[in-house]
file final_15.txt (compact mmCIF, C-alpha atoms)
# COMPACT_ATOMS: atom_id res chain seq x y z
CA MET A 1 13.96 52.61 -15.28
CA GLY A 2 13.69 49.46 -17.43
CA GLU A 3 15.07 47.28 -14.64
CA THR A 4 12.56 48.80 -12.23
CA ARG A 5 9.67 47.98 -14.56
CA SER A 6 11.03 44.47 -15.10
CA GLY A 7 11.25 43.89 -11.37
CA LEU A 8 7.75 45.30 -10.93
CA ASN A 9 6.38 42.96 -13.60
CA MET A 10 8.05 39.98 -11.90
CA ASP A 11 6.48 40.96 -8.56
CA ILE A 12 3.04 41.28 -10.17
CA ALA A 13 3.47 37.89 -11.86
CA ARG A 14 4.59 36.36 -8.58
CA GLU A 15 1.57 37.75 -6.74
CA SER A 16 -0.80 36.42 -9.42
CA ILE A 17 0.68 32.91 -9.34
CA ILE A 18 1.42 32.38 -5.64
CA PRO A 19 -1.80 32.06 -3.58
CA ARG A 20 -2.30 34.64 -0.89
CA GLU A 21 -2.42 32.04 1.89
CA LEU A 22 1.23 31.17 1.19
CA THR A 23 2.50 34.71 1.72
CA GLY A 24 1.96 34.78 5.49
CA GLN A 25 4.36 33.93 8.30
CA LEU A 26 5.69 30.44 8.97
CA PRO A 27 4.70 27.95 10.22
CA ARG A 28 1.35 27.80 8.45
CA ARG A 29 -1.79 26.08 9.61
CA THR A 30 -3.11 23.42 7.25
CA ARG A 31 -6.28 21.69 6.15
CA LEU A 32 -6.82 18.64 3.97
CA ALA A 33 -7.22 19.30 0.27
CA LYS A 34 -9.55 17.26 -1.96
CA ASN A 35 -6.84 14.75 -2.86
CA GLY A 36 -5.81 14.73 0.81
CA VAL A 37 -9.31 13.63 1.80
CA GLN A 38 -9.08 10.87 -0.78
CA SER A 39 -5.67 9.80 0.58
CA ALA A 40 -7.06 9.81 4.13
CA MET A 41 -9.96 7.59 3.03
CA VAL A 42 -7.57 5.20 1.28
CA LEU A 43 -5.41 5.13 4.42
CA ALA A 44 -8.43 4.33 6.61
CA ILE A 45 -9.53 1.51 4.27
CA LEU A 46 -6.00 0.05 4.19
CA LEU A 47 -5.82 0.09 7.99
CA VAL A 48 -9.21 -1.62 8.32
CA ILE A 49 -8.15 -4.32 5.85
CA ALA A 50 -4.77 -4.73 7.58
CA ILE A 51 -6.31 -5.05 11.06
CA SER A 52 -9.07 -7.40 9.87
CA SER A 53 -6.67 -9.65 7.97
CA MET A 54 -4.26 -9.63 10.92
CA ILE A 55 -7.03 -10.87 13.23
CA TRP A 56 -7.99 -13.53 10.69
CA ALA A 57 -4.36 -14.64 10.31
CA TYR A 58 -3.97 -14.84 14.08
CA MET A 59 -7.14 -16.93 14.47
CA ASN A 60 -6.03 -19.19 11.62
CA ALA A 61 -2.57 -19.65 13.18
CA MET A 62 -4.11 -20.45 16.58
CA GLN A 63 -6.46 -23.01 15.03
CA LEU A 64 -3.65 -24.69 13.12
CA THR A 65 -1.48 -24.78 16.24
CA GLN A 66 -4.29 -26.30 18.30
CA THR A 67 -4.92 -28.90 15.59
CA ARG A 68 -1.25 -29.90 15.55
CA THR A 69 -1.17 -30.15 19.35
CA ALA A 70 -4.33 -32.28 19.47
CA LEU A 71 -3.05 -34.69 16.80
CA ARG A 72 0.32 -35.05 18.55
CA GLN A 73 -1.06 -35.63 22.05
CA ALA A 74 -4.13 -37.84 21.47
CA SER A 75 -4.82 -39.30 18.05
CA SER A 76 -5.80 -42.57 16.43
CA GLU A 77 -4.94 -43.91 12.99
CA VAL A 78 -7.26 -45.14 10.24
CA ILE A 79 -6.84 -45.94 6.56
CA GLY A 80 -8.63 -43.56 4.22
CA LYS A 81 -8.41 -42.85 0.52
CA VAL A 82 -7.54 -39.96 -1.77
CA ASP A 83 -10.65 -38.43 -3.36
CA LYS A 84 -9.23 -35.56 -5.38
CA ARG A 85 -5.95 -33.80 -6.01
CA THR A 86 -4.79 -30.50 -7.48
CA LYS A 87 -1.34 -29.08 -8.14
CA SER A 88 -0.91 -27.91 -4.55
CA GLU A 89 -3.10 -30.15 -2.38
CA PHE A 90 -5.17 -33.31 -2.22
CA HIS A 91 -8.47 -34.17 -0.55
CA TYR A 92 -9.09 -37.39 1.33
CA SER A 93 -11.91 -39.19 3.16
CA PHE A 94 -12.11 -41.79 5.92
CA VAL A 95 -14.69 -43.51 8.09
CA VAL A 96 -14.83 -43.61 11.90
CA SER A 97 -17.57 -45.60 13.67
CA GLY A 98 -19.57 -45.76 10.46
CA LYS A 99 -19.49 -41.97 9.90
CA PRO A 100 -17.63 -40.44 6.91
CA PHE A 101 -15.17 -37.57 7.38
CA THR A 102 -13.08 -35.56 4.94
CA GLY A 103 -9.94 -33.44 5.01
CA HIS A 104 -7.24 -31.95 2.81
CA ALA A 105 -3.49 -31.39 2.96
CA SER A 106 -0.78 -29.82 0.86
CA ILE A 107 1.19 -32.03 -1.51
CA GLN A 108 4.73 -32.66 -0.30
CA ARG A 109 7.28 -35.25 -1.42
CA GLN A 110 4.88 -38.16 -1.64
CA THR A 111 2.63 -38.35 -4.66
CA PHE A 112 -0.83 -39.81 -4.40
CA GLN A 113 -3.32 -40.66 -7.07
CA VAL A 114 -7.08 -40.62 -6.75
CA SER A 115 -8.38 -43.73 -4.86
CA ASP A 116 -4.93 -44.50 -3.36
CA PRO A 117 -5.10 -45.63 0.30
CA ILE A 118 -3.61 -43.24 2.85
CA ALA A 119 -3.03 -43.46 6.63
CA ILE A 120 -4.94 -40.76 8.48
CA LEU A 121 -4.45 -39.50 12.04
CA TYR A 122 -7.59 -38.17 13.72
CA VAL A 123 -8.73 -37.01 17.16
CA PRO A 124 -11.18 -39.61 18.54
CA THR A 125 -13.26 -36.99 20.37
CA ASN A 126 -13.50 -34.91 17.17
CA PRO A 127 -12.66 -36.90 14.00
CA SER A 128 -13.09 -33.76 11.87
CA ILE A 129 -9.62 -32.83 13.18
CA SER A 130 -7.37 -35.00 11.02
CA HIS A 131 -4.18 -35.10 9.03
CA PRO A 132 -2.27 -37.66 6.97
CA ALA A 133 0.00 -39.77 9.21
CA GLY A 134 3.62 -38.60 9.19
CA TRP A 135 2.49 -35.46 7.43
CA GLU A 136 2.72 -31.98 8.86
CA GLU A 137 2.21 -28.66 7.18
CA PRO A 138 5.46 -26.68 6.97
CA THR A 139 5.95 -23.87 9.49
CA LEU A 140 5.65 -21.36 6.65
CA VAL A 141 1.97 -22.26 6.34
CA VAL A 142 1.38 -20.86 9.84
CA TRP A 143 3.09 -17.57 9.07
CA PHE A 144 2.09 -17.12 5.42
CA PRO A 145 -1.35 -15.56 6.21
CA PHE A 146 0.47 -12.74 8.06
CA PHE A 147 2.19 -11.58 4.86
CA LEU A 148 -1.00 -9.95 3.54
CA PRO A 149 -1.74 -7.76 6.60
CA ILE A 150 1.94 -6.83 6.84
CA LEU A 151 1.84 -5.77 3.18
CA PHE A 152 -1.22 -3.60 3.80
CA LEU A 153 0.44 -2.10 6.88
CA LEU A 154 3.54 -1.22 4.85
CA ILE A 155 1.40 0.42 2.18
CA SER A 156 -0.47 2.32 4.92
CA VAL A 157 2.82 3.56 6.36
CA ALA A 158 3.95 4.68 2.88
CA VAL A 159 0.70 6.61 2.35
CA ARG A 160 0.98 8.25 5.78
CA ILE A 161 4.62 9.22 5.22
CA SER A 162 3.69 10.75 1.87
CA MET A 163 0.92 12.77 3.53
CA ARG A 164 3.28 13.93 6.28
CA ILE A 165 5.83 15.11 3.70
CA ASP A 166 3.08 17.07 1.92
CA GLN A 167 1.95 18.62 5.19
CA ARG A 168 5.50 19.63 6.09
CA LEU A 169 5.89 21.36 2.74
CA VAL A 170 2.72 23.38 3.35
CA VAL A 171 3.67 24.18 6.97
CA LYS A 172 7.30 25.18 6.38
CA GLY A 173 7.76 25.39 2.60
CA ILE A 174 8.91 28.49 0.76
CA PRO A 175 6.73 29.43 -2.23
CA ALA A 176 8.40 30.03 -5.58
CA VAL A 177 7.37 30.53 -9.20
CA ALA A 178 8.58 27.62 -11.31
CA VAL A 179 8.68 27.37 -15.09
CA VAL A 180 7.40 24.17 -16.74
CA THR A 181 10.04 22.56 -18.96
CA LYS A 182 8.18 19.39 -19.96
CA CYS A 183 4.72 17.81 -19.67
CA ILE A 184 4.36 14.04 -19.98
CA GLU A 185 1.03 12.26 -20.39
CA ARG A 186 0.19 9.34 -18.08
CA TYR A 187 -2.02 6.58 -19.46
CA GLY A 188 -4.34 4.25 -17.56
CA ARG A 189 -5.14 0.63 -18.27
CA SER A 190 -7.85 1.67 -20.71
CA GLY A 191 -5.26 3.52 -22.77
CA GLN A 192 -6.74 6.91 -21.96
CA VAL A 193 -4.84 9.82 -20.44
CA ASN A 194 -5.49 9.89 -16.67
CA GLY A 195 -3.04 12.61 -15.66
CA PHE A 196 0.25 14.31 -16.37
CA THR A 197 3.78 14.44 -14.98
CA ILE A 198 5.32 17.87 -15.29
CA LYS A 199 8.98 18.80 -15.03
CA TYR A 200 9.95 22.31 -14.00
CA GLU A 201 12.76 24.50 -12.74
CA PHE A 202 12.85 27.36 -10.24
CA ARG A 203 15.25 29.51 -8.30
CA THR A 204 15.49 29.52 -4.53
CA GLU A 205 15.71 32.70 -2.48
CA ASP A 206 19.51 32.53 -2.64
CA GLY A 207 19.50 32.15 -6.43
CA MET A 208 20.11 28.40 -6.72
CA LEU A 209 18.53 26.80 -9.80
CA ILE A 210 16.60 23.64 -8.86
CA ASN A 211 14.82 21.10 -11.07
CA GLY A 212 11.74 19.23 -9.92
CA ASN A 213 8.82 17.12 -11.10
CA SER A 214 5.30 16.61 -9.89
CA SER A 215 1.93 15.19 -10.88
CA SER A 216 -0.78 17.32 -12.43
CA GLU A 217 -4.43 16.73 -13.27
CA SER A 218 -4.28 19.18 -16.18
CA ARG A 219 -1.84 19.72 -19.01
CA GLN A 220 0.80 22.38 -18.41
CA GLU A 221 2.52 23.71 -21.50
CA PRO A 222 6.30 24.24 -21.44
CA GLY A 223 7.04 27.84 -20.42
CA ALA A 224 3.99 28.11 -18.16
CA SER A 225 4.51 29.49 -14.65
CA ILE A 226 3.30 27.48 -11.67
CA CYS A 227 3.49 27.75 -7.88
CA ILE A 228 5.69 25.28 -6.02
CA LEU A 229 6.76 24.87 -2.42
CA TYR A 230 10.25 23.81 -1.34
CA LEU A 231 11.95 23.24 2.00
CA PRO A 232 14.58 25.94 2.62
CA ARG A 233 17.17 23.47 3.94
CA LYS A 234 16.32 20.80 1.35
CA PRO A 235 15.23 22.66 -1.81
CA LYS A 236 15.31 19.42 -3.82
CA ARG A 237 12.29 18.39 -1.77
CA ASN A 238 9.65 20.36 -3.63
CA GLN A 239 6.21 19.88 -5.16
CA THR A 240 3.60 21.91 -6.97
CA TYR A 241 1.20 23.43 -4.47
CA THR A 242 -1.89 22.05 -6.22
CA SER A 243 -0.60 18.45 -6.08
CA LEU A 244 -0.19 18.41 -2.28
CA CYS A 245 -2.62 16.71 0.09
CA TYR A 246 -2.89 19.86 2.22
CA ARG A 247 -3.68 23.55 1.76
CA ALA A 248 -2.63 26.48 3.89
CA VAL A 249 -5.40 28.00 6.01
call {"tool": "encode", "arguments": {"input": "final_15.txt", "output": "structure tokens"}}
result
Amino acid sequence: MGETRSGLNMDIARESIIPRELTGQLPRRTRLAKNGVQSAMVLAILLVIAISSMIWAYMNAMQLTQTRTALRQASSEVIGKVDKRTKSEFHYSFVVSGKPFTGHASIQRQTFQVSDPIAILYVPTNPSISHPAGWEEPTLVVWFPFFLPILFLLISVAVRISMRIDQRLVVKGIPAVAVVTKCIERYGRSGQVNGFTIKYEFRTEDGMLINGNSSSESRQEPGASICILYLPRKPKRNQTYTSLCYRAV
């Protein structure tokens, strides 16, 4: 009789903790949750930045390549002078047919001081295209602008993969009641608490005890019961239902 009541109490507790939409048949249909909408917006912004910066990097590489080609094929030489220098580059000026022109280049092995003379190659039909004689930007300069869009693309892929994992958990995950074992505060740059990391344990349908951790917007005291989803074939892949980017329809 006692065991029957205990089992009944566990079933009632399970029904009160596990949302009704998770008790239906698999696979489930999904919709974006509030944090999922935020993740989707972040993903869209990252993709826009990545595409825009990729186009800019391509245009910059094309311009630099055209400048190099023009200086190699048809250029004249004139003596200019160094106007200003920084740690990474120097600026120079020169005169062609009585008109002043300026340019800049990265500092390489040679060291120039302000007002030092310097040989400049320029395109006669367009003297604004110039470069120090015997001086060519390293190949890395052409490819360096592509690092930023590639970085944004990688971050976009990581966000999308994370969202896909969340969606798979909602579509195919098995619900279970987990018990919180620890709650850790997360602090932002201002020193204020901006969230929590909770650790928990639960048992799978076949009785295996699994540990997990997840993020939480609210504090969860040790011993509290929460709803989690886990993949039946990979129970170590689990998350709290409320932290996922998707909800079951």
call {"tool": "atom_distance", "arguments": {"input": "final_15.txt", "atom1": "atom CA of A:Val96", "atom2": "atom CA of A:Ala70"}}
result
17.2 Å
call {"tool": "residues_around", "arguments": {"input": "final_15.txt", "residues": "A:Arg160", "least_positions_apart": "2", "cutoff": "12 Å", "atoms": "all atoms listed in the file", "output": "number ranges by chain"}}
result
A: 36, 39-44, 46-47, 153-158, 162-167, 245
call {"tool": "closest_residue", "arguments": {"input": "final_15.txt", "among": "A:Val170, A:Ala119, A:Ile161, A:Cys183", "to": "A:Ser216", "atoms": "all atoms listed in the file"}}
result
A:Cys183
call {"tool": "atom_distance", "arguments": {"input": "final_15.txt", "atom1": "atom CA of A:Val78", "atom2": "atom CA of A:Thr65"}}
result
22.0 Å
call {"tool": "residues_near_point", "arguments": {"input": "final_15.txt", "point": "(0.2, 24.2, 5.2)", "cutoff": "10 Å", "atoms": "all atoms listed in the file", "output": "MDAnalysis selection string"}}
result
chainID A and resid 21:22 26:32 166:173 241 244:249
call {"tool": "residues_around", "arguments": {"input": "final_15.txt", "residues": "stretch 123-129 of chain A", "least_positions_apart": "6", "cutoff": "8 Å", "atoms": "only C-alpha atoms", "output": "JSON, numbers by chain"}}
result
{"A": [67, 70, 71, 74, 75, 76, 96, 101, 102, 103]}
call {"tool": "atom_distance", "arguments": {"input": "final_15.txt", "atom1": "atom CA of A:His91", "atom2": "atom CA of A:Gln73"}}
result
23.8 Å
call {"tool": "residues_near_point", "arguments": {"input": "final_15.txt", "point": "(-1.2, 8.2, -15.8)", "cutoff": "10 Å", "atoms": "all atoms listed in the file", "output": "PyMOL selection string"}}
result
chain A and resi 184-189+191-197+215-217
call {"tool": "residues_around", "arguments": {"input": "final_15.txt", "residues": "A:Gly223", "least_positions_apart": "4", "cutoff": "9 Å", "atoms": "all atoms listed in the file", "output": "PyMOL selection string"}}
result
chain A and resi 179-182+200
call {"tool": "closest_residue", "arguments": {"input": "final_15.txt", "among": "A:Gln113, A:Ile118, A:Gln63, A:Arg72", "to": "A:Lys87", "atoms": "all atoms listed in the file"}}
result
A:Gln113
call {"tool": "residues_around", "arguments": {"input": "final_15.txt", "residues": "A:Arg203", "least_positions_apart": "4", "cutoff": "10 Å", "atoms": "all atoms listed in the file", "output": "list in words"}}
result
Ala176, Val177, Ala178, Val179, Gly207, Met208, Leu209, Ile210, Asn211 and Pro235 of chain A
call {"tool": "closest_residue", "arguments": {"input": "final_15.txt", "among": "A:Ser16, A:Gln25, A:Ser190, A:Ser53", "to": "A:Pro145", "atoms": "only C-alpha atoms"}}
result
A:Ser53
call {"tool": "residues_around", "arguments": {"input": "final_15.txt", "residues": "A:Ile79", "least_positions_apart": "5", "cutoff": "9 Å", "atoms": "all atoms listed in the file", "output": "list of chain:residue names"}}
result
A:Phe94, A:Val95, A:Pro117, A:Ile118, A:Ala119, A:Ile120, A:Leu121
call {"tool": "build_atoms", "arguments": {"input": "final_15.txt", "residues": "stretch 74-90 of chain A", "atoms": "N, CA and C atoms", "output": "PDB file, keeping the file's coordinate frame"}}
result
ATOM      1  N   ALA A  74      -3.122 -36.776  21.372  1.00  0.00           N
ATOM      2  CA  ALA A  74      -4.130 -37.840  21.470  1.00  0.00           C
ATOM      3  C   ALA A  74      -4.769 -38.055  20.096  1.00  0.00           C
ATOM      4  N   SER A  75      -4.268 -39.024  19.366  1.00  0.00           N
ATOM      5  CA  SER A  75      -4.820 -39.300  18.050  1.00  0.00           C
ATOM      6  C   SER A  75      -4.842 -40.796  17.774  1.00  0.00           C
ATOM      7  N   SER A  76      -5.719 -41.186  16.874  1.00  0.00           N
ATOM      8  CA  SER A  76      -5.800 -42.570  16.430  1.00  0.00           C
ATOM      9  C   SER A  76      -5.553 -42.597  14.919  1.00  0.00           C
ATOM     10  N   GLU A  77      -5.260 -43.799  14.401  1.00  0.00           N
ATOM     11  CA  GLU A  77      -4.940 -43.910  12.990  1.00  0.00           C
ATOM     12  C   GLU A  77      -5.976 -44.779  12.278  1.00  0.00           C
ATOM     13  N   VAL A  78      -6.317 -44.395  11.051  1.00  0.00           N
ATOM     14  CA  VAL A  78      -7.260 -45.140  10.240  1.00  0.00           C
ATOM     15  C   VAL A  78      -6.798 -45.018   8.784  1.00  0.00           C
ATOM     16  N   ILE A  79      -7.186 -45.986   7.975  1.00  0.00           N
ATOM     17  CA  ILE A  79      -6.840 -45.940   6.560  1.00  0.00           C
ATOM     18  C   ILE A  79      -7.985 -45.294   5.775  1.00  0.00           C
ATOM     19  N   GLY A  80      -7.651 -44.234   5.066  1.00  0.00           N
ATOM     20  CA  GLY A  80      -8.630 -43.560   4.220  1.00  0.00           C
ATOM     21  C   GLY A  80      -8.229 -43.673   2.766  1.00  0.00           C
ATOM     22  N   LYS A  81      -8.781 -42.838   1.935  1.00  0.00           N
ATOM     23  CA  LYS A  81      -8.410 -42.850   0.520  1.00  0.00           C
ATOM     24  C   LYS A  81      -8.400 -41.430  -0.038  1.00  0.00           C
ATOM     25  N   VAL A  82      -7.629 -41.268  -1.104  1.00  0.00           N
ATOM     26  CA  VAL A  82      -7.540 -39.960  -1.770  1.00  0.00           C
ATOM     27  C   VAL A  82      -8.736 -39.795  -2.694  1.00  0.00           C
ATOM     28  N   ASP A  83      -9.461 -38.687  -2.540  1.00  0.00           N
ATOM     29  CA  ASP A  83     -10.650 -38.430  -3.360  1.00  0.00           C
ATOM     30  C   ASP A  83     -10.358 -37.521  -4.549  1.00  0.00           C
ATOM     31  N   LYS A  84      -9.506 -36.537  -4.335  1.00  0.00           N
ATOM     32  CA  LYS A  84      -9.230 -35.560  -5.380  1.00  0.00           C
ATOM     33  C   LYS A  84      -7.881 -34.921  -5.124  1.00  0.00           C
ATOM     34  N   ARG A  85      -7.225 -34.489  -6.183  1.00  0.00           N
ATOM     35  CA  ARG A  85      -5.950 -33.800  -6.010  1.00  0.00           C
ATOM     36  C   ARG A  85      -5.820 -32.661  -7.026  1.00  0.00           C
ATOM     37  N   THR A  86      -5.112 -31.622  -6.593  1.00  0.00           N
ATOM     38  CA  THR A  86      -4.790 -30.500  -7.480  1.00  0.00           C
ATOM     39  C   THR A  86      -3.274 -30.364  -7.512  1.00  0.00           C
ATOM     40  N   LYS A  87      -2.784 -29.276  -8.076  1.00  0.00           N
ATOM     41  CA  LYS A  87      -1.340 -29.080  -8.140  1.00  0.00           C
ATOM     42  C   LYS A  87      -0.722 -28.864  -6.773  1.00  0.00           C
ATOM     43  N   SER A  88      -1.485 -28.279  -5.842  1.00  0.00           N
ATOM     44  CA  SER A  88      -0.910 -27.910  -4.550  1.00  0.00           C
ATOM     45  C   SER A  88      -1.424 -28.723  -3.368  1.00  0.00           C
ATOM     46  N   GLU A  89      -2.571 -29.399  -3.510  1.00  0.00           N
ATOM     47  CA  GLU A  89      -3.100 -30.150  -2.380  1.00  0.00           C
ATOM     48  C   GLU A  89      -3.954 -31.320  -2.857  1.00  0.00           C
ATOM     49  N   PHE A  90      -4.274 -32.193  -1.905  1.00  0.00           N
ATOM     50  CA  PHE A  90      -5.170 -33.310  -2.220  1.00  0.00           C
ATOM     51  C   PHE A  90      -6.218 -33.417  -1.119  1.00  0.00           C
TER      52      PHE A  90
END
